[in-house]
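File shown: data23.pdb (PDB, C-alpha atoms).
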ATOM      1  CA  MET A 821     -24.183  22.413 -18.769
ATOM      2  CA  ILE A 822     -22.022  19.387 -19.642
ATOM      3  CA  GLU A 823     -18.930  21.340 -18.660
ATOM      4  CA  SER A 824     -20.522  22.211 -15.292
ATOM      5  CA  ALA A 825     -21.432  18.573 -14.657
ATOM      6  CA  SER A 826     -17.915  17.536 -15.591
ATOM      7  CA  LEU A 827     -16.460  20.039 -13.127
ATOM      8  CA  GLY A 828     -18.838  18.821 -10.443
ATOM      9  CA  PHE A 829     -17.746  15.235 -11.006
ATOM     10  CA  LEU A 830     -14.085  16.280 -10.862
ATOM     11  CA  ILE A 831     -14.736  17.852  -7.455
ATOM     12  CA  LEU A 832     -16.441  14.638  -6.339
ATOM     13  CA  VAL A 833     -13.434  12.580  -7.447
ATOM     14  CA  ILE A 834     -11.092  14.878  -5.511
ATOM     15  CA  VAL A 835     -13.304  14.576  -2.422
ATOM     16  CA  ILE A 836     -13.199  10.770  -2.682
ATOM     17  CA  ALA A 837      -9.415  10.874  -3.086
ATOM     18  CA  VAL A 838      -9.130  13.104  -0.018
ATOM     19  CA  ALA A 839     -11.322  10.641   1.912
ATOM     20  CA  PHE A 840      -8.956   7.849   0.894
ATOM     21  CA  GLU A 841      -5.960   9.910   2.006
ATOM     22  CA  PHE A 842      -7.566  10.464   5.395
ATOM     23  CA  ALA A 843      -8.398   6.744   5.681
ATOM     24  CA  ASN A 844      -4.841   5.869   4.680
ATOM     25  CA  GLY A 845      -3.403   8.144   7.349
ATOM     26  CA  PHE A 846      -5.914   6.784   9.865
ATOM     27  CA  ASN A 847      -4.980   3.172   9.186
ATOM     28  CA  ASP A 848      -1.273   3.708   8.596
ATOM     29  CA  ALA A 849      -0.659   5.864  11.665
ATOM     30  CA  ALA A 850       0.293   2.553  13.246
ATOM     31  CA  ASN A 851       3.110   2.060  10.741
ATOM     32  CA  ALA A 852       5.065   4.933  12.213
ATOM     33  CA  ILE A 853       4.238   4.778  15.911
ATOM     34  CA  ALA A 854       3.155   1.238  16.829
ATOM     35  CA  THR A 855       6.554   0.240  18.158
ATOM     36  CA  VAL A 856       7.318   3.507  19.960
ATOM     37  CA  VAL A 857       3.939   3.300  21.745
ATOM     38  CA  SER A 858       4.146  -0.406  22.559
ATOM     39  CA  THR A 859       7.601   0.056  24.116
ATOM     40  CA  ARG A 860       6.245   2.971  26.217
ATOM     41  CA  VAL A 861       8.877   5.376  24.907
ATOM     42  CA  MET A 862       6.147   7.886  23.978
ATOM     43  CA  SER A 863       2.519   8.286  24.951
ATOM     44  CA  PRO A 864       0.003   7.527  22.184
ATOM     45  CA  LEU A 865      -1.024  11.193  21.911
ATOM     46  CA  ALA A 866       2.544  12.520  21.691
ATOM     47  CA  ALA A 867       3.519   9.828  19.201
ATOM     48  CA  VAL A 868       0.503  10.508  16.984
ATOM     49  CA  ALA A 869       1.186  14.260  17.012
ATOM     50  CA  MET A 870       4.822  13.705  16.025
ATOM     51  CA  ALA A 871       3.824  11.254  13.302
ATOM     52  CA  ALA A 872       1.290  13.722  11.889
ATOM     53  CA  VAL A 873       3.905  16.468  11.556
ATOM     54  CA  MET A 874       6.538  14.181  10.047
ATOM     55  CA  ASN A 875       3.990  12.635   7.666
ATOM     56  CA  PHE A 876       3.273  16.118   6.305
ATOM     57  CA  VAL A 877       6.969  16.949   5.938
ATOM     58  CA  GLY A 878       7.536  13.680   4.106
ATOM     59  CA  ALA A 879       4.526  14.261   1.857
ATOM     60  CA  VAL A 880       5.844  17.568   0.533
ATOM     61  CA  SER A 881       9.402  16.276   0.050
ATOM     62  CA  GLY A 882       8.960  15.115  -3.561
ATOM     63  CA  THR A 883       6.635  13.886  -6.311
ATOM     64  CA  ALA A 884       8.434  10.887  -7.874
ATOM     65  CA  VAL A 885       5.963   8.355  -6.435
ATOM     66  CA  ALA A 886       2.980  10.527  -7.419
ATOM     67  CA  LYS A 887       4.107  10.542 -11.062
ATOM     68  CA  ALA A 888       4.605   6.764 -11.012
ATOM     69  CA  VAL A 889       1.026   6.241  -9.800
ATOM     70  CA  ALA A 890      -0.435   8.759 -12.275
ATOM     71  CA  LYS A 891       1.359   7.222 -15.277
ATOM     72  CA  GLY A 892       2.147   3.641 -14.342
ATOM     73  CA  VAL A 893      -1.156   1.870 -13.594
ATOM     74  CA  VAL A 894      -3.516   2.697 -16.467
ATOM     75  CA  ASP A 895      -3.084   4.675 -19.694
ATOM     76  CA  PRO A 896      -3.836   8.315 -18.743
ATOM     77  CA  GLU A 897      -4.848   9.089 -22.335
ATOM     78  CA  GLY A 898      -7.374   6.257 -22.512
ATOM     79  CA  ILE A 899      -9.408   6.594 -19.317
ATOM     80  CA  THR A 900     -12.188   8.820 -18.031
ATOM     81  CA  GLN A 901     -12.775  10.386 -14.629
ATOM     82  CA  THR A 902     -15.144   7.543 -13.761
ATOM     83  CA  VAL A 903     -12.176   5.140 -13.756
ATOM     84  CA  VAL A 904     -10.350   7.347 -11.266
ATOM     85  CA  ALA A 905     -13.502   7.719  -9.174
ATOM     86  CA  GLY A 906     -14.271   3.994  -9.113
ATOM     87  CA  GLY A 907     -10.700   3.011  -8.280
ATOM     88  CA  VAL A 908     -10.105   5.439  -5.450
ATOM     89  CA  ALA A 909     -13.592   4.862  -3.978
ATOM     90  CA  ALA A 910     -12.885   1.120  -3.876
ATOM     91  CA  ALA A 911      -9.573   1.725  -2.089
ATOM     92  CA  ALA A 912     -11.122   4.147   0.412
ATOM     93  CA  LEU A 913     -13.926   1.719   1.237
ATOM     94  CA  TRP A 914     -11.566  -1.196   1.800
ATOM     95  CA  VAL A 915      -9.119   0.809   3.953
ATOM     96  CA  PHE A 916     -11.959   2.186   6.102
ATOM     97  CA  LEU A 917     -13.324  -1.324   6.643
ATOM     98  CA  ALA A 918      -9.855  -2.657   7.467
ATOM     99  CA  SER A 919      -9.368   0.120  10.028
ATOM    100  CA  ARG A 920     -12.645  -0.823  11.694
ATOM    101  CA  TRP A 921     -11.474  -4.448  11.895
ATOM    102  CA  GLY A 922      -8.043  -3.462  13.195
ATOM    103  CA  MET A 923      -6.193  -4.959  10.226
ATOM    104  CA  PRO A 924      -3.171  -3.100   8.788
ATOM    105  CA  VAL A 925      -3.900  -3.649   5.089
ATOM    106  CA  SER A 926      -1.955  -1.960   2.322
ATOM    107  CA  GLY A 927      -3.323   1.334   1.046
ATOM    108  CA  SER A 928      -0.938   0.984  -1.900
ATOM    109  CA  HIS A 929      -2.332  -2.383  -2.909
ATOM    110  CA  SER A 930      -5.866  -1.084  -2.429
ATOM    111  CA  LEU A 931      -5.390   1.983  -4.612
ATOM    112  CA  ILE A 932      -3.469   0.274  -7.413
ATOM    113  CA  ALA A 933      -5.849  -2.699  -7.537
ATOM    114  CA  GLY A 934      -8.906  -0.422  -7.440
ATOM    115  CA  VAL A 935      -7.726   1.788 -10.307
ATOM    116  CA  ALA A 936      -6.576  -1.232 -12.328
ATOM    117  CA  GLY A 937      -9.952  -2.943 -11.825
ATOM    118  CA  ALA A 938     -11.837   0.178 -12.871
ATOM    119  CA  GLY A 939      -9.591   0.592 -15.915
ATOM    120  CA  VAL A 940     -10.191  -2.995 -17.018
ATOM    121  CA  ALA A 941     -13.943  -2.482 -16.550
ATOM    122  CA  GLN A 942     -13.833   0.501 -18.914
ATOM    123  CA  GLY A 943     -11.539  -0.664 -21.686
ATOM    124  CA  GLY A 944     -10.202  -4.139 -20.967
ATOM    125  CA  PHE A 945      -6.700  -5.221 -20.065
ATOM    126  CA  GLY A 946      -5.227  -3.145 -22.883
ATOM    127  CA  LEU A 947      -5.554  -0.030 -20.711
ATOM    128  CA  LEU A 948      -3.139  -1.398 -18.129
ATOM    129  CA  GLN A 949       0.426  -0.060 -18.246
ATOM    130  CA  GLY A 950       2.535  -3.224 -18.302
ATOM    131  CA  PRO A 951       6.013  -1.791 -17.572
ATOM    132  CA  GLY A 952       4.726   0.584 -14.907
ATOM    133  CA  LEU A 953       2.645  -2.079 -13.175
ATOM    134  CA  THR A 954       5.555  -4.519 -13.286
ATOM    135  CA  ARG A 955       7.822  -1.989 -11.564
ATOM    136  CA  ILE A 956       5.156  -1.230  -8.970
ATOM    137  CA  LEU A 957       4.463  -4.900  -8.274
ATOM    138  CA  GLU A 958       8.183  -5.653  -7.962
ATOM    139  CA  GLY A 959       8.442  -2.917  -5.353
ATOM    140  CA  LEU A 960       5.432  -4.248  -3.463
ATOM    141  CA  ILE A 961       6.870  -7.780  -3.479
ATOM    142  CA  PHE A 962      10.507  -7.043  -2.645
ATOM    143  CA  SER A 963      10.057  -4.244  -0.085
ATOM    144  CA  PRO A 964       8.804  -6.570   2.691
ATOM    145  CA  ILE A 965      11.606  -9.020   1.907
ATOM    146  CA  PHE A 966      14.209  -6.269   2.234
ATOM    147  CA  GLY A 967      12.473  -5.001   5.384
ATOM    148  CA  PHE A 968      12.572  -8.455   6.995
ATOM    149  CA  PHE A 969      16.230  -9.199   6.293
ATOM    150  CA  LEU A 970      17.473  -5.669   6.982
ATOM    151  CA  ALA A 971      15.771  -5.624  10.401
ATOM    152  CA  TYR A 972      17.109  -9.118  11.112
ATOM    153  CA  THR A 973      20.643  -7.996  10.207
ATOM    154  CA  VAL A 974      20.453  -4.712  12.149
ATOM    155  CA  MET A 975      19.189  -6.536  15.241
ATOM    156  CA  LEU A 976      22.017  -9.087  15.069
ATOM    157  CA  ILE A 977      24.615  -6.316  14.693
ATOM    158  CA  ILE A 978      23.191  -4.474  17.697
ATOM    159  CA  TYR A 979      23.168  -7.654  19.793
ATOM    160  CA  TRP A 980      26.804  -8.402  18.901
ATOM    161  CA  THR A 981      28.039  -4.807  19.340
ATOM    162  CA  LEU A 982      26.348  -4.223  22.709
ATOM    163  CA  ARG A 983      26.654  -7.733  24.118
ATOM    164  CA  SER A 984      28.691  -6.565  27.124
ATOM    165  CA  MET A 985      26.610  -3.463  27.944
ATOM    166  CA  ALA A 986      24.249  -3.426  30.916
ATOM    167  CA  PRO A 987      20.555  -3.900  29.983
ATOM    168  CA  THR A 988      19.512  -0.719  31.808
ATOM    169  CA  MET A 989      22.024   1.332  29.812
ATOM    170  CA  ILE A 990      20.797  -0.230  26.556
ATOM    171  CA  THR A 991      17.194   0.653  27.399
ATOM    172  CA  THR A 992      18.167   4.234  28.266
ATOM    173  CA  ILE A 993      20.061   4.715  24.990
ATOM    174  CA  PHE A 994      17.453   3.197  22.728
ATOM    175  CA  SER A 995      14.530   4.895  24.451
ATOM    176  CA  LYS A 996      15.958   8.134  23.051
ATOM    177  CA  ALA A 997      17.147   6.657  19.747
ATOM    178  CA  GLN A 998      13.732   5.140  19.039
ATOM    179  CA  ILE A 999      12.140   8.591  18.972
ATOM    180  CA  PHE A1000      14.413   9.404  16.022
ATOM    181  CA  THR A1001      13.540   6.204  14.132
ATOM    182  CA  ALA A1002       9.809   6.714  14.797
ATOM    183  CA  GLY A1003      10.066  10.206  13.316
ATOM    184  CA  TRP A1004      12.021   8.863  10.353
ATOM    185  CA  MET A1005       9.415   6.164   9.839
ATOM    186  CA  ALA A1006       6.649   8.783   9.823
ATOM    187  CA  PHE A1007       8.608  10.922   7.351
ATOM    188  CA  SER A1008       9.207   7.980   5.013
ATOM    189  CA  HIS A1009       5.548   6.989   5.246
ATOM    190  CA  GLY A1010       4.460  10.463   4.137
ATOM    191  CA  SER A1011       7.057  10.521   1.363
ATOM    192  CA  ASN A1012       5.588   7.379  -0.197
ATOM    193  CA  ASP A1013       1.943   6.938   0.800
ATOM    194  CA  ALA A1014       0.781  10.560   0.598
ATOM    195  CA  GLN A1015       2.167  10.823  -2.919
ATOM    196  CA  LYS A1016      -0.104   8.035  -4.156
ATOM    197  CA  THR A1017      -3.148  10.224  -3.617
ATOM    198  CA  MET A1018      -1.305  13.158  -5.186
ATOM    199  CA  GLY A1019      -0.909  10.982  -8.273
ATOM    200  CA  ILE A1020      -4.598  10.059  -8.314
ATOM    201  CA  ILE A1021      -5.756  13.680  -7.997
ATOM    202  CA  THR A1022      -3.299  14.706 -10.711
ATOM    203  CA  LEU A1023      -4.668  11.923 -12.919
ATOM    204  CA  ALA A1024      -8.219  13.183 -12.297
ATOM    205  CA  LEU A1025      -7.201  16.743 -13.217
ATOM    206  CA  PHE A1026      -5.548  15.454 -16.397
ATOM    207  CA  THR A1027      -8.559  13.397 -17.518
ATOM    208  CA  HIS A1028     -10.787  16.418 -16.905
ATOM    209  CA  GLY A1029      -8.500  18.669 -18.965
ATOM    210  CA  THR A1030      -7.672  21.013 -16.080
ATOM    211  CA  ILE A1031      -3.958  20.353 -16.618
ATOM    212  CA  ASP A1032      -2.225  19.462 -19.892
ATOM    213  CA  VAL A1033       0.743  17.537 -18.495
ATOM    214  CA  LEU A1034       1.016  15.034 -15.642
ATOM    215  CA  GLU A1035       2.868  17.322 -13.235
ATOM    216  CA  VAL A1036       1.627  17.548  -9.641
ATOM    217  CA  PRO A1037       0.301  21.057  -8.794
ATOM    218  CA  LEU A1038       1.557  22.654  -5.570
ATOM    219  CA  TRP A1039      -1.922  22.842  -4.051
ATOM    220  CA  VAL A1040      -2.349  19.087  -4.559
ATOM    221  CA  ILE A1041       0.927  18.439  -2.715
ATOM    222  CA  ILE A1042      -0.098  20.605   0.252
ATOM    223  CA  LEU A1043      -3.667  19.247   0.352
ATOM    224  CA  SER A1044      -2.530  15.602   0.307
ATOM    225  CA  GLY A1045       0.075  16.162   2.995
ATOM    226  CA  ALA A1046      -2.339  18.032   5.270
ATOM    227  CA  VAL A1047      -5.103  15.445   4.938
ATOM    228  CA  MET A1048      -2.751  12.529   5.623
ATOM    229  CA  ALA A1049      -1.430  14.371   8.670
ATOM    230  CA  ALA A1050      -4.995  14.839   9.928
ATOM    231  CA  GLY A1051      -5.782  11.170   9.361
ATOM    232  CA  THR A1052      -2.621  10.209  11.218
ATOM    233  CA  TYR A1053      -3.535  12.453  14.156
ATOM    234  CA  PHE A1054      -6.875  10.717  14.547
ATOM    235  CA  GLY A1055      -5.139   7.396  13.813
ATOM    236  CA  GLY A1056      -6.324   3.853  14.263
ATOM    237  CA  PHE A1057      -5.328   2.663  17.717
ATOM    238  CA  ARG A1058      -6.723  -0.820  17.035
ATOM    239  CA  VAL A1059      -4.106  -1.192  14.303
ATOM    240  CA  ILE A1060      -1.437   0.161  16.661
ATOM    241  CA  ARG A1061      -2.290  -2.644  19.061
ATOM    242  CA  THR A1062      -2.075  -5.260  16.285
ATOM    243  CA  LEU A1063       1.329  -4.151  14.995
ATOM    244  CA  GLY A1064       2.902  -3.003  18.228
ATOM    245  CA  VAL A1065       1.716  -5.634  20.687
ATOM    246  CA  ARG A1066       0.166  -8.717  19.143
ATOM    247  CA  ILE A1067       2.917  -9.766  16.709
ATOM    248  CA  VAL A1068       5.896  -9.800  19.075
ATOM    249  CA  LYS A1069       6.673  -8.223  22.446
ATOM    250  CA  MET A1070       9.156  -5.375  22.004
ATOM    251  CA  ARG A1071      11.485  -3.133  23.946
ATOM    252  CA  PRO A1072      13.044   0.142  22.701
ATOM    253  CA  ILE A1073      16.052  -1.633  21.151
ATOM    254  CA  HIS A1074      13.708  -3.838  19.098
ATOM    255  CA  GLY A1075      11.570  -0.900  18.001
ATOM    256  CA  PHE A1076      14.695   0.975  16.924
ATOM    257  CA  ALA A1077      15.824  -1.914  14.696
ATOM    258  CA  ALA A1078      12.390  -2.481  13.129
ATOM    259  CA  GLU A1079      11.630   1.188  12.494
ATOM    260  CA  GLY A1080      15.115   2.013  11.234
ATOM    261  CA  ALA A1081      15.122  -0.880   8.766
ATOM    262  CA  ALA A1082      11.628  -0.150   7.475
ATOM    263  CA  ALA A1083      12.249   3.597   7.180
ATOM    264  CA  GLY A1084      15.450   2.964   5.233
ATOM    265  CA  VAL A1085      13.689   0.748   2.696
ATOM    266  CA  ILE A1086      10.735   3.144   2.288
ATOM    267  CA  THR A1087      12.926   6.244   1.953
ATOM    268  CA  ALA A1088      15.016   4.584  -0.770
ATOM    269  CA  ALA A1089      11.878   3.525  -2.652
ATOM    270  CA  SER A1090      10.442   7.059  -2.436
ATOM    271  CA  ARG A1091      13.595   8.597  -3.860
ATOM    272  CA  TRP A1092      13.495   6.097  -6.749
ATOM    273  CA  GLY A1093       9.822   6.793  -7.419
ATOM    274  CA  ILE A1094       8.601   3.305  -6.477
ATOM    275  CA  PRO A1095       5.238   3.162  -4.660
ATOM    276  CA  ILE A1096       5.495   0.415  -2.046
ATOM    277  CA  SER A1097       3.430  -0.766   0.892
ATOM    278  CA  THR A1098       4.614   0.860   4.110
ATOM    279  CA  THR A1099       2.359  -1.585   5.980
ATOM    280  CA  HIS A1100       4.088  -4.591   4.416
ATOM    281  CA  THR A1101       7.511  -3.126   5.074
ATOM    282  CA  ILE A1102       7.150  -2.261   8.771
ATOM    283  CA  THR A1103       5.271  -5.484   9.557
ATOM    284  CA  SER A1104       7.959  -7.564   7.840
ATOM    285  CA  ALA A1105      10.655  -5.603   9.670
ATOM    286  CA  ILE A1106       8.957  -6.388  12.997
ATOM    287  CA  LEU A1107       8.860 -10.063  12.024
ATOM    288  CA  GLY A1108      12.537  -9.974  11.008
ATOM    289  CA  MET A1109      13.566  -8.313  14.248
ATOM    290  CA  GLY A1110      11.511 -10.782  16.293
ATOM    291  CA  SER A1111      13.038 -13.751  14.509
ATOM    292  CA  THR A1112      16.494 -12.933  15.893
ATOM    293  CA  ARG A1113      15.340 -13.812  19.391
ATOM    294  CA  ARG A1114      13.689 -17.136  18.578
ATOM    295  CA  LEU A1115      11.030 -18.106  16.082
ATOM    296  CA  SER A1116       8.561 -18.846  18.867
ATOM    297  CA  ALA A1117       8.822 -15.219  20.044
ATOM    298  CA  VAL A1118       6.798 -14.180  16.997
ATOM    299  CA  ARG A1119       3.059 -14.773  17.068
ATOM    300  CA  TRP A1120       2.906 -16.215  13.572
ATOM    301  CA  GLY A1121      -0.871 -16.736  13.784
ATOM    302  CA  VAL A1122      -1.413 -12.969  13.921
ATOM    303  CA  ALA A1123       1.090 -12.523  11.094
ATOM    304  CA  ARG A1124      -0.801 -15.078   8.989
ATOM    305  CA  SER A1125      -4.088 -13.248   9.494
ATOM    306  CA  ILE A1126      -2.461 -10.001   8.348
ATOM    307  CA  VAL A1127      -0.987 -11.696   5.272
ATOM    308  CA  SER A1128      -4.426 -13.119   4.490
ATOM    309  CA  ALA A1129      -5.840  -9.588   4.491
ATOM    310  CA  TRP A1130      -3.070  -8.498   2.117
ATOM    311  CA  VAL A1131      -3.781 -11.390  -0.248
ATOM    312  CA  LEU A1132      -7.477 -10.535  -0.296
ATOM    313  CA  THR A1133      -6.814  -6.854  -0.997
ATOM    314  CA  PHE A1134      -5.980  -7.271  -4.705
ATOM    315  CA  PRO A1135      -9.045  -9.238  -5.839
ATOM    316  CA  ILE A1136     -11.456  -7.407  -3.539
ATOM    317  CA  CYS A1137     -10.301  -3.918  -4.540
ATOM    318  CA  ALA A1138     -10.093  -4.830  -8.236
ATOM    319  CA  PHE A1139     -13.652  -6.161  -8.078
ATOM    320  CA  LEU A1140     -14.875  -3.133  -6.111
ATOM    321  CA  GLY A1141     -13.085  -0.807  -8.543
ATOM    322  CA  GLY A1142     -14.854  -2.381 -11.517
ATOM    323  CA  LEU A1143     -18.214  -2.393  -9.745
ATOM    324  CA  LEU A1144     -17.958   1.210  -8.588
ATOM    325  CA  TYR A1145     -16.802   2.247 -12.065
ATOM    326  CA  TYR A1146     -20.043   0.850 -13.530
ATOM    327  CA  LEU A1147     -22.093   2.613 -10.838
ATOM    328  CA  ALA A1148     -20.278   5.905 -11.416
ATOM    329  CA  ASP A1149     -20.719   5.518 -15.175
ATOM    330  CA  LEU A1150     -24.485   5.071 -14.716
ATOM    331  CA  VAL A1151     -24.643   8.229 -12.575
ATOM    332  CA  VAL A1152     -22.667  10.293 -15.092
ATOM    333  CA  ALA A1153     -24.690   8.931 -18.010
TER     334      ALA A1153
END
Taking this structure as input, can you express it in the form of structure tokens?
Amino acid sequence: MIESASLGFLILVIVIAVAFEFANGFNDAANAIATVVSTRVMSPLAAVAMAAVMNFVGAVSGTAVAKAVAKGVVDPEGITQTVVAGGVAAAALWVFLASRWGMPVSGSHSLIAGVAGAGVAQGGFGLLQGPGLTRILEGLIFSPIFGFFLAYTVMLIIYWTLRSMAPTMITTIFSKAQIFTAGWMAFSHGSNDAQKTMGIITLALFTHGTIDVLEVPLWVIILSGAVMAAGTYFGGFRVIRTLGVRIVKMRPIHGFAAEGAAAGVITAASRWGIPISTTHTITSAILGMGSTRRLSAVRWGVARSIVSAWVLTFPICAFLGGLLYYLADLVVA
């Protein structure tokens, strides 16, 4: 009977993780296609469909980030399934709310803070994995910085290289080139963000005893990729408007620079097994690209409101993770 209940709770945890993956794809659809839609290179429907496919391809391209999430936040040997359930439920709730408000918050921050908060609620700060968390936090901090300066540099190089070319020719070239960078951005998003849920499901399977080692099963890879693709397809158009229109007015050349810079940073992080915030990276790249024109071209008030949401994500999700852990523990008990 206990074994049956344990299996039932494992299924519930997986369902919650899948809900988070869908919410993440729903909110982060904007990361890949905001610029290509705002510059009118692709229709919203075509862009979303392309992003969904490339998100799936990226999701099944590796497991380095998934292993970092499974091993690097809390001690896998010292937690129960209720920690996993509380943490991922907190992240899913916050991302869903952010999508409703049209704010592109970080699913990475939400998930890591939620699991960390639930882990602390169960066993104190000793359950946290110091080296792993340090590496994760360094990635979350430095990725937007790299995104900003890389986009700024790419935009300056493009301006200098094409300074004598006719504007109509530039628009024609980059209207086509931006489709490539949008697809690359979607691929990189799947390669990093989808793997975070793979890591959480793998952690749940490990704490249940279904698997003996923290290796991501094939069915978990396919499930996570498919769910993120579905979430992307039904993606959050309010967030698309925030990222693609309200921060800075863009043309195809600007979208190319922002997407290319962000995708490069995210792809490198995925290959190195560092879970970063794709939301932070693309938003910072848009800000970096916009800054090459003139500082007043960027609507810094919108950027500040987005940063405020990011800052709130850690304490809110950590608190929700701890609270939902206690609630889940009462249910299981």
Near-A:Gly1093 list (12 Å; all atoms listed in the file; drop same-chain fewer than 3 positions) as a list in words: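 Final neighbour list, sorted by chain and number: Gly882, Thr883, Ala884, Val885, Ala886, Lys887, Ala888, Val889, Ala890, Lys891, Gly892, Gly952, Arg955, Ile956, Gly959, Ser1011, Asn1012, Asp1013, Gln1015, Lys1016, Gly1019, Ile1086, Thr1087, Ala1088, Ala1089, Ser1090 and Ile1096 of chain A.
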Atom pair atom CA of A:Ser826 + atom CA of A:Leu1140, distance 22.9 Å
Considering only C-alpha atoms, can you say which of A:Ala867, A:Ala879, A:Val1085, A:Val833 comes closest to A:Ala1014? A:Ala879
Measuring between all atoms listed in the file, which one of A:Val1152, A:Leu913, A:Val856, A:Ala839 shows the shortest distance to A:Gly1003? A:Val856
Distance query A:Leu827 at most 12 Å, all atoms listed in the file, self and fewer than 5 positions along chain excluded, as a list in words: Met821, Ile822, Leu832, Val833, Ile834, Gln901, Ala1024, Leu1025, Thr1027, His1028, Gly1029, Thr1030 and Val1152 of chain A
Could you check which of A:Gly1141, A:Gly1051, A:Pro987, A:Gly1045 is closest to A:Arg1071, using all atoms listed in the file? A:Pro987
Give me, as a list in words, all polymer residues having an atom no more than 12 Å from A:Val1151, counting all atoms listed in the file and skipping those fewer than 2 positions away in the same chain.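 So the residues in contact are Ala825, Ser826, Phe829, Thr902, Ala905, Gly906, Leu1144, Tyr1145, Tyr1146, Leu1147, Ala1148, Asp1149 and Ala1153 of chain A.
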Option closest in space to A:Val861, from A:Ser1097, A:Thr992, A:Thr1112, A:Ser1104 [counting all atoms listed in the file]: A:Thr992
What lies within 12 Å of A:Val835 using all atoms listed in the file, ignoring chain neighbours under 3 positions off, as a list in words?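 Once the nearby chain positions are removed, what remains is Gly828, Phe829, Leu830, Ile831, Leu832, Val838, Ala839, Phe840, Glu841, Phe842, Val904, Ala905, Val908, Ala909, Ala912, Thr1017, Ile1020, Ile1021, Ala1024, Leu1043, Ser1044 and Val1047 of chain A.
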The PyMOL selection byres ((chain A and resi 923-938) around 7) applied to the shown file, residues as a ChimeraX atom specification: /A:844,847,893-894,903-904,906-908,910-911,915,918-919,921-922,939-942,948,1059,1096-1097,1099-1100,1126,1129-1130,1133-1134,1137-1142,1145
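Shortest atom-to-atom contact with A:Ala866 among A:Ala971, A:Ala1105, A:Met989, A:Ala1002: A:Ala1002, counting all atoms listed in the file.
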As a PyMOL selection string, please: the residues near A:Gly1080 (cut-off 10 Å, only C-alpha atoms, same-chain neighbours under 6 positions excluded). chain A and resi 967+970-971+974+997-998+1000-1005+1074+1102+1105
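Between atom CA of A:Ala1083 and atom CA of A:His1009 the separation is 7.8 Å.
Proximity ranking of A:Asp895, A:Ile1136, A:Ala986, A:Met1018 relative to A:Gly946 places A:Asp895 first, based on only C-alpha atoms.
What separates atom CA of A:Ile1042 from atom CA of A:Thr1022 is a distance of 12.9 Å.
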Missing atoms in stretch 858-871 of chain A need filling: write out N, CA and C atoms for it as a PDB file, in the frame of the given file.
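Contents of the output file part_30.pdb:
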ATOM      1  N   SER A 858       4.162   0.883  21.869  1.00  0.00           N
ATOM      2  CA  SER A 858       4.146  -0.406  22.559  1.00  0.00           C
ATOM      3  C   SER A 858       5.320  -0.559  23.523  1.00  0.00           C
ATOM      4  N   THR A 859       6.449   0.116  23.224  1.00  0.00           N
ATOM      5  CA  THR A 859       7.601   0.056  24.116  1.00  0.00           C
ATOM      6  C   THR A 859       7.551   1.136  25.196  1.00  0.00           C
ATOM      7  N   ARG A 860       6.485   1.933  25.199  1.00  0.00           N
ATOM      8  CA  ARG A 860       6.245   2.971  26.217  1.00  0.00           C
ATOM      9  C   ARG A 860       7.285   4.088  26.196  1.00  0.00           C
ATOM     10  N   VAL A 861       7.935   4.268  25.047  1.00  0.00           N
ATOM     11  CA  VAL A 861       8.877   5.376  24.907  1.00  0.00           C
ATOM     12  C   VAL A 861       8.122   6.697  24.799  1.00  0.00           C
ATOM     13  N   MET A 862       6.971   6.690  24.110  1.00  0.00           N
ATOM     14  CA  MET A 862       6.147   7.886  23.978  1.00  0.00           C
ATOM     15  C   MET A 862       4.696   7.523  24.284  1.00  0.00           C
ATOM     16  N   SER A 863       3.945   8.503  24.745  1.00  0.00           N
ATOM     17  CA  SER A 863       2.519   8.286  24.951  1.00  0.00           C
ATOM     18  C   SER A 863       1.841   8.241  23.582  1.00  0.00           C
ATOM     19  N   PRO A 864       0.686   7.578  23.478  1.00  0.00           N
ATOM     20  CA  PRO A 864       0.003   7.527  22.184  1.00  0.00           C
ATOM     21  C   PRO A 864      -0.267   8.910  21.597  1.00  0.00           C
ATOM     22  N   LEU A 865      -0.699   9.855  22.417  1.00  0.00           N
ATOM     23  CA  LEU A 865      -1.024  11.193  21.911  1.00  0.00           C
ATOM     24  C   LEU A 865       0.207  11.910  21.383  1.00  0.00           C
ATOM     25  N   ALA A 866       1.309  11.860  22.134  1.00  0.00           N
ATOM     26  CA  ALA A 866       2.544  12.520  21.691  1.00  0.00           C
ATOM     27  C   ALA A 866       3.085  11.862  20.419  1.00  0.00           C
ATOM     28  N   ALA A 867       3.018  10.549  20.371  1.00  0.00           N
ATOM     29  CA  ALA A 867       3.519   9.828  19.201  1.00  0.00           C
ATOM     30  C   ALA A 867       2.696  10.149  17.959  1.00  0.00           C
ATOM     31  N   VAL A 868       1.379  10.200  18.120  1.00  0.00           N
ATOM     32  CA  VAL A 868       0.503  10.508  16.984  1.00  0.00           C
ATOM     33  C   VAL A 868       0.759  11.925  16.481  1.00  0.00           C
ATOM     34  N   ALA A 869       0.926  12.873  17.409  1.00  0.00           N
ATOM     35  CA  ALA A 869       1.186  14.260  17.012  1.00  0.00           C
ATOM     36  C   ALA A 869       2.499  14.366  16.237  1.00  0.00           C
ATOM     37  N   MET A 870       3.538  13.694  16.728  1.00  0.00           N
ATOM     38  CA  MET A 870       4.822  13.705  16.025  1.00  0.00           C
ATOM     39  C   MET A 870       4.686  13.067  14.643  1.00  0.00           C
ATOM     40  N   ALA A 871       3.996  11.942  14.579  1.00  0.00           N
ATOM     41  CA  ALA A 871       3.824  11.254  13.302  1.00  0.00           C
ATOM     42  C   ALA A 871       3.069  12.114  12.302  1.00  0.00           C
TER      43      ALA A 871
END
